[in-house]
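Quick look at my_file.cif (mmCIF, C-alpha atoms):
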data_model
#
loop_
_atom_site.group_PDB
_atom_site.id
_atom_site.type_symbol
_atom_site.label_atom_id
_atom_site.label_comp_id
_atom_site.auth_asym_id
_atom_site.auth_seq_id
_atom_site.Cartn_x
_atom_site.Cartn_y
_atom_site.Cartn_z
ATOM 1 C CA MET A 1 46.268 0.287 45.409
ATOM 2 C CA THR A 2 49.816 -0.153 44.179
ATOM 3 C CA GLU A 3 50.956 2.314 41.571
ATOM 4 C CA VAL A 4 52.329 0.575 38.483
ATOM 5 C CA ARG A 5 53.429 2.292 35.306
ATOM 6 C CA LEU A 6 55.218 1.717 32.037
ATOM 7 C CA ALA A 7 58.916 2.628 32.229
ATOM 8 C CA SER A 8 60.368 5.197 29.839
ATOM 9 C CA VAL A 9 63.968 5.567 28.665
ATOM 10 C CA ALA A 10 64.399 8.052 31.529
ATOM 11 C CA ASP A 11 63.790 5.157 33.943
ATOM 12 C CA ALA A 12 66.760 3.139 32.638
ATOM 13 C CA ASP A 13 68.793 3.721 35.822
ATOM 14 C CA ALA A 14 65.940 2.616 38.117
ATOM 15 C CA VAL A 15 65.243 -0.469 35.988
ATOM 16 C CA ALA A 16 68.968 -1.325 35.958
ATOM 17 C CA ARG A 17 69.224 -0.971 39.741
ATOM 18 C CA LEU A 18 66.272 -3.302 40.345
ATOM 19 C CA LEU A 19 67.576 -5.917 37.875
ATOM 20 C CA HIS A 20 71.006 -5.762 39.489
ATOM 21 C CA ASP A 21 69.438 -6.121 42.973
ATOM 22 C CA PHE A 22 67.479 -9.114 41.666
ATOM 23 C CA ASN A 23 70.597 -10.949 40.528
ATOM 24 C CA THR A 24 72.553 -9.952 43.616
ATOM 25 C CA GLU A 25 69.833 -11.305 45.895
ATOM 26 C CA PHE A 26 69.759 -14.637 44.034
ATOM 27 C CA ASP A 27 73.538 -14.955 43.616
ATOM 28 C CA THR A 28 73.353 -14.670 39.849
ATOM 29 C CA GLU A 29 76.037 -12.976 37.781
ATOM 30 C CA SER A 30 75.260 -9.380 36.750
ATOM 31 C CA PRO A 31 77.201 -7.081 34.436
ATOM 32 C CA GLY A 32 76.454 -4.328 36.988
ATOM 33 C CA PRO A 33 73.996 -1.405 37.026
ATOM 34 C CA THR A 34 76.087 0.828 34.744
ATOM 35 C CA VAL A 35 76.232 -1.663 31.862
ATOM 36 C CA LEU A 36 72.577 -2.621 32.391
ATOM 37 C CA ALA A 37 71.486 1.043 32.340
ATOM 38 C CA ARG A 38 73.431 1.654 29.126
ATOM 39 C CA ARG A 39 71.788 -1.343 27.437
ATOM 40 C CA LEU A 40 68.355 -0.348 28.767
ATOM 41 C CA ARG A 41 68.641 3.162 27.319
ATOM 42 C CA THR A 42 68.818 1.445 23.917
ATOM 43 C CA LEU A 43 66.348 -1.370 24.600
ATOM 44 C CA LEU A 44 63.597 0.760 26.165
ATOM 45 C CA ALA A 45 63.697 3.070 23.129
ATOM 46 C CA GLU A 46 62.861 0.123 20.860
ATOM 47 C CA THR A 47 59.427 -1.419 20.303
ATOM 48 C CA THR A 48 60.660 -4.932 21.161
ATOM 49 C CA THR A 49 61.310 -4.304 24.873
ATOM 50 C CA PHE A 50 59.205 -2.720 27.570
ATOM 51 C CA ALA A 51 59.364 -2.578 31.340
ATOM 52 C CA VAL A 52 56.766 -1.999 34.042
ATOM 53 C CA LEU A 53 57.698 -0.382 37.361
ATOM 54 C CA GLY A 54 55.763 -0.930 40.574
ATOM 55 C CA GLY A 55 55.627 1.011 43.824
ATOM 56 C CA ASP A 56 57.079 4.366 44.864
ATOM 57 C CA GLY A 57 60.757 3.394 45.075
ATOM 58 C CA PRO A 58 60.199 2.075 42.456
ATOM 59 C CA ASP A 59 60.236 -1.297 44.224
ATOM 60 C CA GLY A 60 59.326 -3.729 41.501
ATOM 61 C CA ILE A 61 60.269 -4.390 37.900
ATOM 62 C CA ALA A 62 58.825 -6.504 35.094
ATOM 63 C CA LEU A 63 60.879 -6.735 31.903
ATOM 64 C CA VAL A 64 59.303 -8.028 28.694
ATOM 65 C CA SER A 65 60.768 -8.776 25.260
ATOM 66 C CA LEU A 66 58.718 -9.169 22.104
ATOM 67 C CA ARG A 67 59.683 -11.190 19.062
ATOM 68 C CA THR A 68 58.119 -12.343 15.820
ATOM 69 C CA ASN A 69 56.789 -15.883 15.481
ATOM 70 C CA VAL A 70 55.510 -17.686 12.404
ATOM 71 C CA TRP A 71 52.448 -19.114 14.183
ATOM 72 C CA PHE A 72 51.047 -15.697 15.120
ATOM 73 C CA GLY A 73 50.185 -12.596 13.111
ATOM 74 C CA GLY A 74 51.530 -10.384 15.915
ATOM 75 C CA PRO A 75 54.511 -10.642 18.252
ATOM 76 C CA VAL A 76 54.979 -13.191 21.032
ATOM 77 C CA ALA A 77 56.062 -11.845 24.445
ATOM 78 C CA LEU A 78 58.431 -13.316 27.013
ATOM 79 C CA LEU A 79 58.384 -12.062 30.596
ATOM 80 C CA ASP A 80 62.167 -12.008 31.017
ATOM 81 C CA GLU A 81 62.232 -10.838 34.638
ATOM 82 C CA LEU A 82 59.817 -10.089 37.456
ATOM 83 C CA TYR A 83 61.175 -8.799 40.750
ATOM 84 C CA VAL A 84 59.867 -7.067 43.844
ATOM 85 C CA ALA A 85 62.354 -5.774 46.426
ATOM 86 C CA ALA A 86 62.746 -7.916 49.540
ATOM 87 C CA GLY A 87 60.551 -6.644 52.374
ATOM 88 C CA LEU A 88 57.899 -5.335 49.993
ATOM 89 C CA ARG A 89 56.543 -8.675 48.801
ATOM 90 C CA GLY A 90 53.076 -10.004 49.524
ATOM 91 C CA ARG A 91 51.481 -6.592 48.942
ATOM 92 C CA GLY A 92 50.221 -7.284 45.441
ATOM 93 C CA ILE A 93 52.894 -5.329 43.578
ATOM 94 C CA GLY A 94 53.785 -8.335 41.422
ATOM 95 C CA GLY A 95 50.156 -8.999 40.540
ATOM 96 C CA GLU A 96 49.564 -5.383 39.569
ATOM 97 C CA MET A 97 52.678 -5.444 37.395
ATOM 98 C CA ILE A 98 51.485 -8.638 35.654
ATOM 99 C CA ARG A 99 48.103 -7.010 35.039
ATOM 100 C CA LEU A 100 49.757 -4.032 33.301
ATOM 101 C CA VAL A 101 52.161 -6.325 31.399
ATOM 102 C CA ALA A 102 49.205 -8.316 30.009
ATOM 103 C CA GLU A 103 47.304 -5.125 29.153
ATOM 104 C CA GLU A 104 50.346 -3.626 27.439
ATOM 105 C CA CYS A 105 50.981 -6.863 25.502
ATOM 106 C CA ALA A 106 47.368 -7.081 24.328
ATOM 107 C CA GLY A 107 47.588 -3.462 23.167
ATOM 108 C CA ARG A 108 50.613 -4.425 21.061
ATOM 109 C CA GLY A 109 48.786 -7.309 19.381
ATOM 110 C CA VAL A 110 50.408 -10.025 21.503
ATOM 111 C CA GLU A 111 48.359 -13.229 21.845
ATOM 112 C CA LEU A 112 50.898 -15.307 23.769
ATOM 113 C CA LEU A 113 52.801 -14.313 26.923
ATOM 114 C CA GLU A 114 55.494 -16.710 28.136
ATOM 115 C CA VAL A 115 57.657 -17.098 31.227
ATOM 116 C CA ASN A 116 60.287 -19.623 32.340
ATOM 117 C CA VAL A 117 60.175 -20.672 35.998
ATOM 118 C CA ASP A 118 62.610 -22.808 38.019
ATOM 119 C CA GLU A 119 61.125 -26.161 38.972
ATOM 120 C CA GLY A 120 61.827 -25.629 42.684
ATOM 121 C CA ASP A 121 60.366 -22.134 42.834
ATOM 122 C CA VAL A 122 56.990 -23.225 44.195
ATOM 123 C CA ASP A 123 55.971 -19.668 45.134
ATOM 124 C CA ALA A 124 56.583 -18.407 41.608
ATOM 125 C CA LEU A 125 54.741 -21.363 40.042
ATOM 126 C CA ARG A 126 51.772 -20.663 42.316
ATOM 127 C CA PHE A 127 51.941 -16.918 41.558
ATOM 128 C CA TYR A 128 51.885 -17.460 37.778
ATOM 129 C CA GLY A 129 49.115 -20.040 38.118
ATOM 130 C CA ARG A 130 46.994 -17.439 39.944
ATOM 131 C CA HIS A 131 47.658 -15.037 37.071
ATOM 132 C CA ASP A 132 46.347 -17.353 34.322
ATOM 133 C CA PHE A 133 49.644 -18.847 33.175
ATOM 134 C CA GLU A 134 49.425 -22.527 32.229
ATOM 135 C CA LEU A 135 52.066 -24.997 33.383
ATOM 136 C CA ILE A 136 50.300 -27.797 31.483
ATOM 137 C CA GLN A 137 50.511 -26.631 27.879
ATOM 138 C CA PRO A 138 47.049 -26.572 26.278
ATOM 139 C CA GLU A 139 48.238 -27.998 22.933
ATOM 140 C CA THR A 140 49.997 -31.050 24.406
ATOM 141 C CA GLY A 141 48.359 -31.630 27.788
ATOM 142 C CA GLU A 142 51.778 -31.815 29.435
ATOM 143 C CA ARG A 143 54.485 -29.645 30.967
ATOM 144 C CA ALA A 144 57.380 -28.346 28.886
ATOM 145 C CA PHE A 145 60.973 -27.802 29.927
ATOM 146 C CA TYR A 146 63.227 -24.872 29.052
ATOM 147 C CA LEU A 147 66.663 -26.028 27.819
ATOM 148 C CA SER A 148 69.638 -23.821 26.959
ATOM 149 C CA ARG A 149 73.047 -24.060 25.340
ATOM 150 C CA ILE A 150 75.895 -21.577 25.724
ATOM 151 C CA LEU A 151 77.585 -20.679 22.428
ATOM 152 C CA GLY A 152 80.714 -18.905 21.345
ATOM 153 C CA PRO A 153 83.560 -17.975 23.671
ATOM 154 C CA ARG A 154 81.651 -19.230 26.723
ATOM 155 C CA SER A 155 80.833 -22.592 25.129
ATOM 156 C CA ALA A 156 81.772 -25.632 27.195
ATOM 157 C CA ASP A 157 83.159 -27.423 24.147
ATOM 158 C CA GLY A 158 85.223 -24.473 23.026
ATOM 159 C CA ARG A 159 83.316 -23.803 19.812
ATOM 160 C CA MET B 1 76.891 -36.416 4.665
ATOM 161 C CA THR B 2 73.564 -34.622 4.865
ATOM 162 C CA GLU B 3 73.321 -31.366 2.996
ATOM 163 C CA VAL B 4 72.111 -28.534 5.222
ATOM 164 C CA ARG B 5 71.866 -24.902 4.220
ATOM 165 C CA LEU B 6 70.522 -21.562 5.331
ATOM 166 C CA ALA B 7 67.088 -20.811 3.863
ATOM 167 C CA SER B 8 66.551 -17.668 1.800
ATOM 168 C CA VAL B 9 63.314 -15.767 1.204
ATOM 169 C CA ALA B 10 62.956 -17.848 -1.985
ATOM 170 C CA ASP B 11 62.612 -20.929 0.261
ATOM 171 C CA ALA B 12 59.536 -19.550 2.062
ATOM 172 C CA ASP B 13 57.195 -22.070 0.388
ATOM 173 C CA ALA B 14 59.396 -25.052 1.296
ATOM 174 C CA VAL B 15 59.793 -23.856 4.903
ATOM 175 C CA ALA B 16 56.023 -23.300 5.160
ATOM 176 C CA ARG B 17 55.262 -26.778 3.811
ATOM 177 C CA LEU B 18 57.582 -28.452 6.334
ATOM 178 C CA LEU B 19 56.187 -26.423 9.261
ATOM 179 C CA HIS B 20 52.648 -27.259 8.190
ATOM 180 C CA ASP B 21 53.560 -30.969 7.871
ATOM 181 C CA PHE B 22 55.070 -30.771 11.377
ATOM 182 C CA ASN B 23 51.868 -29.489 12.923
ATOM 183 C CA THR B 24 49.695 -31.833 10.909
ATOM 184 C CA GLU B 25 51.728 -34.857 12.026
ATOM 185 C CA PHE B 26 51.420 -33.842 15.680
ATOM 186 C CA ASP B 27 47.745 -32.774 15.505
ATOM 187 C CA THR B 28 48.561 -29.136 16.247
ATOM 188 C CA GLU B 29 46.607 -26.266 14.727
ATOM 189 C CA SER B 30 48.242 -24.630 11.687
ATOM 190 C CA PRO B 31 47.142 -21.523 9.785
ATOM 191 C CA GLY B 32 48.018 -23.474 6.615
ATOM 192 C CA PRO B 33 50.965 -23.354 4.183
ATOM 193 C CA THR B 34 49.726 -20.267 2.308
ATOM 194 C CA VAL B 35 49.537 -18.048 5.410
ATOM 195 C CA LEU B 36 52.811 -19.466 6.760
ATOM 196 C CA ALA B 37 54.593 -18.810 3.434
ATOM 197 C CA ARG B 38 53.325 -15.220 3.375
ATOM 198 C CA ARG B 39 54.582 -14.610 6.921
ATOM 199 C CA LEU B 40 57.897 -16.324 6.140
ATOM 200 C CA ARG B 41 58.530 -14.102 3.120
ATOM 201 C CA THR B 42 58.530 -11.207 5.601
ATOM 202 C CA LEU B 43 60.276 -12.974 8.497
ATOM 203 C CA LEU B 44 63.124 -14.521 6.479
ATOM 204 C CA ALA B 45 63.937 -11.085 5.023
ATOM 205 C CA GLU B 46 64.524 -9.732 8.560
ATOM 206 C CA THR B 47 67.634 -10.238 10.701
ATOM 207 C CA THR B 48 65.623 -11.599 13.644
ATOM 208 C CA THR B 49 64.545 -14.873 12.001
ATOM 209 C CA PHE B 50 66.481 -17.504 10.117
ATOM 210 C CA ALA B 51 65.779 -21.048 8.995
ATOM 211 C CA VAL B 52 67.998 -23.992 8.151
ATOM 212 C CA LEU B 53 66.909 -26.624 5.616
ATOM 213 C CA GLY B 54 68.190 -30.186 5.623
ATOM 214 C CA GLY B 55 68.199 -32.875 2.940
ATOM 215 C CA ASP B 56 67.294 -32.840 -0.742
ATOM 216 C CA GLY B 57 63.502 -32.547 -0.444
ATOM 217 C CA PRO B 58 64.202 -30.442 1.589
ATOM 218 C CA ASP B 59 63.226 -32.892 4.330
ATOM 219 C CA GLY B 60 64.040 -31.004 7.509
ATOM 220 C CA ILE B 61 63.540 -27.519 8.926
ATOM 221 C CA ALA B 62 64.965 -25.597 11.877
ATOM 222 C CA LEU B 63 63.413 -22.208 12.596
ATOM 223 C CA VAL B 64 65.180 -19.737 14.893
ATOM 224 C CA SER B 65 64.136 -16.338 16.253
ATOM 225 C CA LEU B 66 66.529 -13.813 17.738
ATOM 226 C CA ARG B 67 65.650 -11.175 20.315
ATOM 227 C CA THR B 68 67.431 -8.644 22.459
ATOM 228 C CA ASN B 69 68.098 -9.373 26.142
ATOM 229 C CA VAL B 70 69.440 -7.091 28.842
ATOM 230 C CA TRP B 71 71.861 -9.722 30.220
ATOM 231 C CA PHE B 72 73.748 -10.108 26.933
ATOM 232 C CA GLY B 73 75.502 -7.681 24.622
ATOM 233 C CA GLY B 74 74.201 -9.592 21.592
ATOM 234 C CA PRO B 75 70.911 -11.300 20.783
ATOM 235 C CA VAL B 76 69.532 -14.436 22.430
ATOM 236 C CA ALA B 77 68.222 -17.173 20.113
ATOM 237 C CA LEU B 78 65.251 -19.496 20.497
ATOM 238 C CA LEU B 79 64.988 -22.636 18.379
ATOM 239 C CA ASP B 80 61.281 -22.293 17.656
ATOM 240 C CA GLU B 81 60.890 -25.469 15.617
ATOM 241 C CA LEU B 82 62.946 -28.463 14.534
ATOM 242 C CA TYR B 83 61.385 -31.065 12.261
ATOM 243 C CA VAL B 84 62.509 -33.888 10.023
ATOM 244 C CA ALA B 85 59.967 -35.565 7.752
ATOM 245 C CA ALA B 86 58.687 -38.961 8.942
ATOM 246 C CA GLY B 87 60.622 -41.801 7.343
ATOM 247 C CA LEU B 88 63.828 -39.760 7.101
ATOM 248 C CA ARG B 89 64.659 -39.628 10.805
ATOM 249 C CA GLY B 90 67.632 -41.285 12.422
ATOM 250 C CA ARG B 91 69.946 -40.304 9.550
ATOM 251 C CA GLY B 92 71.562 -37.350 11.297
ATOM 252 C CA ILE B 93 69.639 -34.601 9.476
ATOM 253 C CA GLY B 94 68.518 -33.042 12.788
ATOM 254 C CA GLY B 95 72.044 -33.059 14.196
ATOM 255 C CA GLU B 96 73.475 -31.448 11.076
ATOM 256 C CA MET B 97 70.779 -28.765 11.210
ATOM 257 C CA ILE B 98 71.568 -28.067 14.878
ATOM 258 C CA ARG B 99 75.262 -27.763 13.990
ATOM 259 C CA LEU B 100 74.495 -25.118 11.345
ATOM 260 C CA VAL B 101 72.013 -23.349 13.664
ATOM 261 C CA ALA B 102 74.700 -23.041 16.366
ATOM 262 C CA GLU B 103 77.301 -21.884 13.826
ATOM 263 C CA GLU B 104 74.914 -19.313 12.367
ATOM 264 C CA CYS B 105 73.961 -18.067 15.856
ATOM 265 C CA ALA B 106 77.595 -17.709 16.917
ATOM 266 C CA GLY B 107 78.273 -15.739 13.723
ATOM 267 C CA ARG B 108 75.488 -13.351 14.715
ATOM 268 C CA GLY B 109 76.932 -12.765 18.184
ATOM 269 C CA VAL B 110 74.499 -15.064 20.002
ATOM 270 C CA GLU B 111 75.810 -16.511 23.275
ATOM 271 C CA LEU B 112 72.644 -18.321 24.383
ATOM 272 C CA LEU B 113 70.522 -20.719 22.323
ATOM 273 C CA GLU B 114 67.267 -21.890 23.902
ATOM 274 C CA VAL B 115 64.609 -24.504 23.156
ATOM 275 C CA ASN B 116 61.399 -25.621 24.873
ATOM 276 C CA VAL B 117 60.733 -29.370 24.944
ATOM 277 C CA ASP B 118 57.660 -31.301 26.104
ATOM 278 C CA GLU B 119 58.291 -33.255 29.301
ATOM 279 C CA GLY B 120 57.147 -36.536 27.737
ATOM 280 C CA ASP B 121 59.223 -36.196 24.580
ATOM 281 C CA VAL B 122 62.061 -38.401 25.786
ATOM 282 C CA ASP B 123 63.606 -38.698 22.316
ATOM 283 C CA ALA B 124 63.797 -34.920 21.912
ATOM 284 C CA LEU B 125 65.236 -34.458 25.421
ATOM 285 C CA ARG B 126 67.909 -37.055 24.617
ATOM 286 C CA PHE B 127 68.600 -35.451 21.210
ATOM 287 C CA TYR B 128 69.126 -31.981 22.702
ATOM 288 C CA GLY B 129 71.252 -33.433 25.501
ATOM 289 C CA ARG B 130 73.530 -35.009 22.881
ATOM 290 C CA HIS B 131 73.807 -31.592 21.230
ATOM 291 C CA ASP B 132 75.046 -29.736 24.319
ATOM 292 C CA PHE B 133 71.731 -28.339 25.553
ATOM 293 C CA GLU B 134 71.368 -28.301 29.334
ATOM 294 C CA LEU B 135 68.143 -29.442 31.003
ATOM 295 C CA ILE B 136 69.593 -28.594 34.416
ATOM 296 C CA GLN B 137 70.166 -24.840 34.201
ATOM 297 C CA PRO B 138 73.779 -23.974 35.085
ATOM 298 C CA GLU B 139 72.856 -20.881 37.121
ATOM 299 C CA THR B 140 70.333 -22.620 39.386
ATOM 300 C CA GLY B 141 71.277 -26.312 39.320
ATOM 301 C CA GLU B 142 67.692 -27.256 38.567
ATOM 302 C CA ARG B 143 65.261 -27.697 35.683
ATOM 303 C CA ALA B 144 63.022 -24.856 34.533
ATOM 304 C CA PHE B 145 59.488 -25.023 33.195
ATOM 305 C CA TYR B 146 58.019 -23.089 30.289
ATOM 306 C CA LEU B 147 54.648 -21.491 31.172
ATOM 307 C CA SER B 148 52.334 -19.607 28.845
ATOM 308 C CA ARG B 149 49.236 -17.438 28.947
ATOM 309 C CA ILE B 150 46.893 -16.687 26.044
ATOM 310 C CA LEU B 151 45.944 -13.003 25.797
ATOM 311 C CA GLY B 152 43.407 -10.943 23.916
ATOM 312 C CA PRO B 153 40.445 -12.391 22.051
ATOM 313 C CA ARG B 154 41.576 -15.951 22.772
ATOM 314 C CA SER B 155 41.998 -15.296 26.513
ATOM 315 C CA ALA B 156 40.172 -17.729 28.788
ATOM 316 C CA ASP B 157 39.047 -14.898 31.061
ATOM 317 C CA GLY B 158 37.786 -12.758 28.197
ATOM 318 C CA ARG B 159 40.238 -9.895 28.640
#
What's the structure tokens form of this structure?
Amino acid sequence: MTEVRLASVADADAVARLLHDFNTEFDTESPGPTVLARRLRTLLAETTTFAVLGGDGPDGIALVSLRTNVWFGGPVALLDELYVAAGLRGRGIGGEMIRLVAEECAGRGVELLEVNVDEGDVDALRFYGRHDFELIQPETGERAFYLSRILGPRSADGR
Amino acid sequence: MTEVRLASVADADAVARLLHDFNTEFDTESPGPTVLARRLRTLLAETTTFAVLGGDGPDGIALVSLRTNVWFGGPVALLDELYVAAGLRGRGIGGEMIRLVAEECAGRGVELLEVNVDEGDVDALRFYGRHDFELIQPETGERAFYLSRILGPRSADGR
């Protein structure tokens, strides 16, 4: 049985390291573990962010943000990141982390848990399907895409 | 030139009516204008939600929620809803609302504005493309899906 637990502010460095490893492994830009740890010391002290750690290392991280939404009386949750260190996958750490994420969300009055998944990431789509996430949205009977626009100084059109 | 403006708490009833009309038009469940207006009187007074109204009726609504995110120094914004009353579309109200949404987000330090769009909603996908939203995510070079899971009393597996 994999040990999973809710992260505290004291875990900010471990959470930052795992998130940085995540982005490094997938060639995604990262502000680095120091900046991430500083932000996490603030975020993990607030009620709108929580993280779940998995394994002894710890070896896995799930990061969740909560926000208000007019359609629900309670908050809506987005699973921002889910990562298990290379070499430790396929042991159920991710599934145990999702279980605790869902339990923690329900305890905070969350009725809707969301995640965005790359179209080509077949393993992740299968994983979330096994853990009761719907790709076909119940209200529309179809899939939905995630679109994004960069604003401000990084905006492509200079605005 | 379409008049667009930021909604205040005093606009809660108008925002609620437009959101309710939105869901009614598209056969989606709504808690009704009274409940929505009550929630909006709270939400619009907070810094994590804002709404933009368009037209004289007003005839259009854009609803945006802001949340913290470990990858950014400032908040990340999600365009929760965008609606223009039937019969008043194609006049640029939506585009003007998006322009003010982006301006308002940038003023609040937002670098990333997100929206989820149904796969079959070709008009919406084209609209957001025209307004600088990316369907192909810059970091991965591919599309991303939005997945969701209902928790708590409404959960399919009874948890």
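For the pair atom CA of Val15 of chain A and atom CA of Glu29 of chain A, the interatomic distance is 16.6 Å.
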Here's a check: after a least-squares fit over all in-order C-alpha atoms, write chain A in the frame of chain B, as a compact mmCIF listing (two decimals) with C-alpha atoms, in the frame of the given file.
# COMPACT_ATOMS: atom_id res chain seq x y z
CA MET A 1 76.86 -36.40 4.67
CA THR A 2 73.53 -34.63 4.87
CA GLU A 3 73.31 -31.36 3.00
CA VAL A 4 72.11 -28.53 5.24
CA ARG A 5 71.87 -24.90 4.24
CA LEU A 6 70.53 -21.56 5.35
CA ALA A 7 67.09 -20.81 3.87
CA SER A 8 66.56 -17.67 1.81
CA VAL A 9 63.32 -15.76 1.20
CA ALA A 10 62.95 -17.85 -1.97
CA ASP A 11 62.60 -20.93 0.28
CA ALA A 12 59.53 -19.55 2.08
CA ASP A 13 57.19 -22.06 0.41
CA ALA A 14 59.38 -25.06 1.31
CA VAL A 15 59.78 -23.85 4.91
CA ALA A 16 56.01 -23.28 5.16
CA ARG A 17 55.25 -26.76 3.82
CA LEU A 18 57.56 -28.44 6.35
CA LEU A 19 56.17 -26.41 9.27
CA HIS A 20 52.63 -27.24 8.19
CA ASP A 21 53.54 -30.96 7.89
CA PHE A 22 55.06 -30.76 11.37
CA ASN A 23 51.85 -29.47 12.94
CA THR A 24 49.68 -31.82 10.91
CA GLU A 25 51.70 -34.83 12.03
CA PHE A 26 51.41 -33.81 15.70
CA ASP A 27 47.75 -32.74 15.53
CA THR A 28 48.56 -29.12 16.25
CA GLU A 29 46.61 -26.24 14.75
CA SER A 30 48.22 -24.60 11.70
CA PRO A 31 47.15 -21.50 9.80
CA GLY A 32 48.02 -23.46 6.63
CA PRO A 33 50.96 -23.33 4.20
CA THR A 34 49.72 -20.24 2.33
CA VAL A 35 49.54 -18.02 5.43
CA LEU A 36 52.81 -19.46 6.76
CA ALA A 37 54.59 -18.80 3.44
CA ARG A 38 53.32 -15.22 3.38
CA ARG A 39 54.59 -14.60 6.92
CA LEU A 40 57.90 -16.32 6.16
CA ARG A 41 58.53 -14.09 3.13
CA THR A 42 58.55 -11.20 5.61
CA LEU A 43 60.29 -12.96 8.50
CA LEU A 44 63.13 -14.52 6.49
CA ALA A 45 63.95 -11.09 5.04
CA GLU A 46 64.53 -9.74 8.56
CA THR A 47 67.64 -10.23 10.70
CA THR A 48 65.63 -11.59 13.64
CA THR A 49 64.55 -14.87 12.00
CA PHE A 50 66.48 -17.50 10.12
CA ALA A 51 65.78 -21.04 9.00
CA VAL A 52 67.99 -24.00 8.15
CA LEU A 53 66.90 -26.62 5.62
CA GLY A 54 68.17 -30.19 5.62
CA GLY A 55 68.18 -32.89 2.96
CA ASP A 56 67.27 -32.85 -0.73
CA GLY A 57 63.49 -32.54 -0.41
CA PRO A 58 64.17 -30.45 1.60
CA ASP A 59 63.21 -32.88 4.36
CA GLY A 60 64.03 -31.00 7.52
CA ILE A 61 63.54 -27.53 8.92
CA ALA A 62 64.96 -25.61 11.87
CA LEU A 63 63.41 -22.21 12.60
CA VAL A 64 65.18 -19.74 14.89
CA SER A 65 64.14 -16.34 16.25
CA LEU A 66 66.54 -13.82 17.75
CA ARG A 67 65.67 -11.18 20.30
CA THR A 68 67.46 -8.65 22.47
CA ASN A 69 68.11 -9.38 26.14
CA VAL A 70 69.47 -7.09 28.84
CA TRP A 71 71.88 -9.71 30.22
CA PHE A 72 73.76 -10.12 26.93
CA GLY A 73 75.51 -7.68 24.61
CA GLY A 74 74.21 -9.59 21.58
CA PRO A 75 70.91 -11.30 20.77
CA VAL A 76 69.54 -14.43 22.43
CA ALA A 77 68.23 -17.17 20.11
CA LEU A 78 65.25 -19.49 20.50
CA LEU A 79 64.99 -22.64 18.40
CA ASP A 80 61.27 -22.29 17.66
CA GLU A 81 60.88 -25.47 15.61
CA LEU A 82 62.93 -28.47 14.55
CA TYR A 83 61.36 -31.06 12.27
CA VAL A 84 62.50 -33.88 10.02
CA ALA A 85 59.94 -35.57 7.75
CA ALA A 86 58.67 -38.94 8.94
CA GLY A 87 60.61 -41.79 7.34
CA LEU A 88 63.80 -39.75 7.10
CA ARG A 89 64.64 -39.62 10.80
CA GLY A 90 67.63 -41.29 12.41
CA ARG A 91 69.93 -40.29 9.55
CA GLY A 92 71.55 -37.35 11.29
CA ILE A 93 69.63 -34.61 9.49
CA GLY A 94 68.51 -33.05 12.78
CA GLY A 95 72.03 -33.06 14.19
CA GLU A 96 73.46 -31.45 11.07
CA MET A 97 70.77 -28.77 11.21
CA ILE A 98 71.56 -28.06 14.89
CA ARG A 99 75.25 -27.77 14.00
CA LEU A 100 74.50 -25.12 11.35
CA VAL A 101 72.02 -23.35 13.66
CA ALA A 102 74.70 -23.04 16.37
CA GLU A 103 77.30 -21.89 13.83
CA GLU A 104 74.91 -19.32 12.37
CA CYS A 105 73.96 -18.07 15.86
CA ALA A 106 77.60 -17.71 16.91
CA GLY A 107 78.27 -15.75 13.72
CA ARG A 108 75.47 -13.36 14.72
CA GLY A 109 76.94 -12.76 18.18
CA VAL A 110 74.51 -15.07 19.98
CA GLU A 111 75.82 -16.51 23.27
CA LEU A 112 72.66 -18.32 24.37
CA LEU A 113 70.52 -20.73 22.33
CA GLU A 114 67.26 -21.90 23.90
CA VAL A 115 64.61 -24.51 23.15
CA ASN A 116 61.40 -25.62 24.88
CA VAL A 117 60.74 -29.37 24.97
CA ASP A 118 57.66 -31.30 26.12
CA GLU A 119 58.29 -33.25 29.31
CA GLY A 120 57.15 -36.54 27.75
CA ASP A 121 59.22 -36.18 24.59
CA VAL A 122 62.07 -38.39 25.80
CA ASP A 123 63.61 -38.69 22.32
CA ALA A 124 63.80 -34.92 21.92
CA LEU A 125 65.25 -34.45 25.42
CA ARG A 126 67.91 -37.05 24.63
CA PHE A 127 68.60 -35.46 21.22
CA TYR A 128 69.13 -31.98 22.71
CA GLY A 129 71.25 -33.42 25.51
CA ARG A 130 73.54 -35.00 22.88
CA HIS A 131 73.80 -31.59 21.22
CA ASP A 132 75.04 -29.74 24.33
CA PHE A 133 71.73 -28.33 25.55
CA GLU A 134 71.37 -28.30 29.34
CA LEU A 135 68.15 -29.43 31.00
CA ILE A 136 69.61 -28.59 34.43
CA GLN A 137 70.19 -24.85 34.20
CA PRO A 138 73.80 -23.99 35.08
CA GLU A 139 72.88 -20.88 37.11
CA THR A 140 70.35 -22.62 39.38
CA GLY A 141 71.31 -26.30 39.32
CA GLU A 142 67.71 -27.24 38.56
CA ARG A 143 65.27 -27.69 35.68
CA ALA A 144 63.04 -24.84 34.53
CA PHE A 145 59.51 -25.01 33.20
CA TYR A 146 58.03 -23.08 30.28
CA LEU A 147 54.67 -21.48 31.18
CA SER A 148 52.35 -19.58 28.84
CA ARG A 149 49.25 -17.42 28.96
CA ILE A 150 46.92 -16.68 26.06
CA LEU A 151 45.96 -13.00 25.78
CA GLY A 152 43.44 -10.95 23.89
CA PRO A 153 40.51 -12.40 21.97
CA ARG A 154 41.65 -15.97 22.69
CA SER A 155 42.03 -15.36 26.43
CA ALA A 156 40.21 -17.83 28.66
CA ASP A 157 38.98 -15.05 30.94
CA GLY A 158 37.73 -12.91 28.09
CA ARG A 159 40.20 -10.07 28.56
Residues near Gly73 of chain B, anyone? I mean within 12 Å using only C-alpha atoms, not counting same-chain ones fewer than 3 positions away, as a ChimeraX atom specification. /A:31,35-36,38-40,42-43 /B:67-70,76,108-112
